[in-house]
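Read the structure below first, then the notes.
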Amino acid sequence: HDMRHAVAPTENVENNCLAVTELLKICTHCERLSKKDLGVRIPRPLGNGPSRFIPEKEILQVSKVDARTQSIFEDAFAALGRLDNISLVMGFHPQYLESFLRTQHYLLQMDGPLALHYRHYIGIMAAARHQCSYLVNLHVNDFLQVGGDPKWLNGLDEAPHKLQQLGELNKILAHRPWLLTKEHIEGLLKAEEHSWSLAELIHAVVLLTHYHSLASFTFGCGIAPEIHCDGGHTFRPPSLSQYCVCDIANGNGHANHHDDLLGNQVSDICGEVEVLMERMKQLQECRDDEEASQEEMATRFEREKTESMLVVTAEDEECVPSRDISRHFEDPSYGYKDFSRRGEHVPTFRAQDYSWEDHGFSLVNRLYPDVGQMLDEKFQMAYNLTYNTMATHKDVDTSMLRRAIWNYIHCMFGIRYDDYDYGEINQLLDRSFKIYIKTMVCSPEKTTKRMYESFWRQFQHSEKVHVNLLLMEARMQAELLYALRAITRYMT
């Protein structure tokens, strides 16, 4: 059947309606015609630029104007032989990027308890929890380059038993870290054969939490695959014939369903930044006025924690099946579900009983020297990073806002700081922002461009990337705290 008949306008229109609809469909999103999927696989480059959410020229502008960023990029390229898109997007924040690259390089390349190919394989396992093809492909290449056995890439059951045992820890940490017990730890350290040493386990835990949270950053910033990676060209899989390429390229396979979720907030975007600044000012004044009672503070935390469980992510969407190596690592029955529906209760983890500063830091440093120090610097860097600006406003103290974001994420994990008034969170984080945070931290693979655009509409992209750094580091620290607490309990 010749395609030309379908589009020749001169011929009998009635006959052609059938032909057009038989072979072509019009995407409602971009109104492009595309061939119906006839099982033909068409490779095509995906997207343009390092991020699907942020204009390429803004990202590339950074290294042109900032000499520090430029030199960090050069060092990274020298060390890895590549400059990946994650680094390019993080380049908005060179101080942080430096700390991030130093830590990641140490975890993957420098002396440590685990063999190099184990490290990359653990990265693949962690990224596959969230079907993060971008990171999976990156580490598949690295894994093979350091001599990893290609058979292992067929799935966890082809890998050594020692790595298989890590599967359960990987799942719990990624989705429900509060369920981790010292029994899980004991199972790994005391296995009959193929047991883990404490040092190896700490290395593995740091890698797992690093890549779970980096998957959040990757999806949260819409990081696009490099063109030379497997993911840089896409094959439209036959099962996706109801989507247009624009969907796949923009990660919008199910963007349209969010219309009702996010509401139409265009009308009230105008004074968004000013309103937020005014609220910060009022909260600061209230802080100085009255102290809430301990009971009241505890109640506010529990209320915020319970509410955070009810924030809707795109959880009910049909998940697009993975088309890469991730599919070999999946246990789809185990994801972060909304606990309200499952009736699951997240217990409260009191930060004064086990904190990173007083407990976690020294445990990591003792068992994997220097890494505790590096992680600490990276956490501090993300938490304290500020340019004292909000959108177009200068000389703003944003510490209250940064703390609200960090503590909200920890609150979703059940972690409570006694001295923090959780009532502030509702004043500072609106619904669309909470939806974005929850999705990015819990089911990052569901993040859409629409969600990214719907929060903080007047802020700059660099500020949204800053938010993503906070989310990533807060998530990593929360997961680490649960893992390290379980290890400490095992040891004592």
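Scheme for the structure tokens: letters A, B, ... for chains in order shown; per-chain residue numbers from 1; ligand numbers from 1 in order shown.
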
Taking 4 positions as the minimum chain separation for residues in the same chain, which residues sit within 12 Å of stretch 349-360 of chain A when counting only C-alpha atoms? Answer as a count of residues only. 49

Applying 8 Å and only C-alpha atoms, which residues near A:Cys132 remain after dropping the ones on its own chain fewer than 6 positions away? List them as a list in words.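 Contacts, with the query itself left out: Ala215, Thr218, Phe219, Ser326 and Glu445 of chain A.
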
Next, dump the selected residues to file, keeping only N, CA and C atoms, as a JSON list (two decimals), in the first residue's frame.
```json
[["chain", "number", "residue", "atom", "x", "y", "z"],
["A", 215, "ALA", "N", 19.37, 8.99, 41.05],
["A", 215, "ALA", "CA", 18.25, 8.72, 40.12],
["A", 215, "ALA", "C", 17.17, 9.78, 40.32],
["A", 218, "THR", "N", 18.40, 12.84, 38.54],
["A", 218, "THR", "CA", 18.38, 12.62, 37.09],
["A", 218, "THR", "C", 16.98, 12.84, 36.52],
["A", 219, "PHE", "N", 15.98, 12.23, 37.17],
["A", 219, "PHE", "CA", 14.60, 12.41, 36.70],
["A", 219, "PHE", "C", 14.08, 13.81, 37.02],
["A", 326, "SER", "N", 17.48, -2.42, 32.98],
["A", 326, "SER", "CA", 16.71, -2.34, 34.23],
["A", 326, "SER", "C", 15.70, -3.47, 34.33],
["A", 445, "GLU", "N", 10.86, 8.15, 38.70],
["A", 445, "GLU", "CA", 10.62, 7.80, 37.30],
["A", 445, "GLU", "C", 9.29, 8.37, 36.78]]
```

Neighbours of A:Ile437 within 12 Å (only C-alpha atoms; same-chain residues fewer than 6 positions away dropped), as a VMD selection string? chain A and resid 216 to 217 219 to 220 308 311 to 314 404 to 412 429 to 431 443 to 444 446 to 447 451 to 452 454 to 455 464 467 to 472 474 to 475

Find the residues near A:His393: any atom within 10 Å, counting only C-alpha atoms, skip ones fewer than 6 places away on the same chain, and give them as a list of chain:residue names.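 Using only C-alpha atoms, the neighbours found are A:Val273, A:Glu274, A:Met277.
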
Residues of the last selection are to be written out with all heavy atoms, as an mmCIF file, in the first residue's frame.
```
data_model
loop_
_atom_site.group_PDB
_atom_site.id
_atom_site.type_symbol
_atom_site.label_atom_id
_atom_site.label_comp_id
_atom_site.auth_asym_id
_atom_site.auth_seq_id
_atom_site.Cartn_x
_atom_site.Cartn_y
_atom_site.Cartn_z
ATOM 1 N N VAL A 273 6.621 34.852 44.396
ATOM 2 C CA VAL A 273 7.861 35.026 45.159
ATOM 3 C C VAL A 273 7.637 35.982 46.329
ATOM 4 O O VAL A 273 8.080 35.729 47.452
ATOM 5 C CB VAL A 273 8.982 35.569 44.244
ATOM 6 C CG1 VAL A 273 10.279 35.650 45.005
ATOM 7 C CG2 VAL A 273 9.134 34.663 43.040
ATOM 8 N N GLU A 274 6.910 37.066 46.051
ATOM 9 C CA GLU A 274 6.677 38.056 47.104
ATOM 10 C C GLU A 274 5.862 37.456 48.253
ATOM 11 O O GLU A 274 6.132 37.704 49.425
ATOM 12 C CB GLU A 274 5.963 39.289 46.535
ATOM 13 C CG GLU A 274 6.818 40.152 45.615
ATOM 14 C CD GLU A 274 7.143 39.491 44.265
ATOM 15 O OE1 GLU A 274 6.391 38.573 43.838
ATOM 16 O OE2 GLU A 274 8.142 39.883 43.648
ATOM 17 N N MET A 277 8.114 35.356 50.317
ATOM 18 C CA MET A 277 9.018 36.167 51.144
ATOM 19 C C MET A 277 8.279 36.773 52.338
ATOM 20 O O MET A 277 8.796 36.839 53.449
ATOM 21 C CB MET A 277 9.656 37.268 50.289
ATOM 22 C CG MET A 277 10.693 36.711 49.322
ATOM 23 S SD MET A 277 11.288 37.944 48.159
ATOM 24 C CE MET A 277 12.175 39.054 49.251
#
```

Could you check which of A:Gln164, A:Asn388, A:Ser195, A:Thr448 is closest to A:Ile223, using only C-alpha atoms?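 Counting only C-alpha atoms, the residue closest to A:Ile223 is A:Thr448.
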
Residue among A:Tyr211, A:His93, A:Gly147, A:Trp196 lying closest to A:Thr386, counting only C-alpha atoms: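 So, comparing all the options, the nearest one is A:His93.
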
Might you pull out every residue within 10 Å of A:Ala174, with only C-alpha atoms counted and same-chain residues fewer than 3 positions away left off, and present them as a list of chain:residue names?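 Contacts, with the query itself left out: A:Ala126, A:Ala127, A:Arg129, A:His130, A:Glu168, A:Leu169, A:Asn170, A:Lys171, A:Pro177, A:Leu208, A:Thr209, A:Tyr211, A:His212, A:Ser213, A:Tyr334, A:Gly335, A:Tyr336, A:Val441, A:Cys442, A:Ser443, A:Arg475, A:Met476, A:Glu479.
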
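Interatomic distance, atom CA of A:Asp75 to atom CA of A:Phe53: 26.2 Å.
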
Output as a VMD selection string all residues of stretch 303-488 of chain A that backbone DSSP marks as strand (DSSP E). chain A and resid 349 to 350 415 to 416

Show me, as a PyMOL selection string, the residues that have an atom within 8 Å of stretch 115-125 of chain A when counting only C-alpha atoms, minus same-chain residues fewer than 3 positions from it. chain A and resi 107-109+112+128-129+135-136+139-140+142-144+146-148+163+167+170+204+207-208+211+326+329

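One distance worth recording is that between atom CA of A:Gln104 and atom CA of A:Ala224, which is 19.9 Å.
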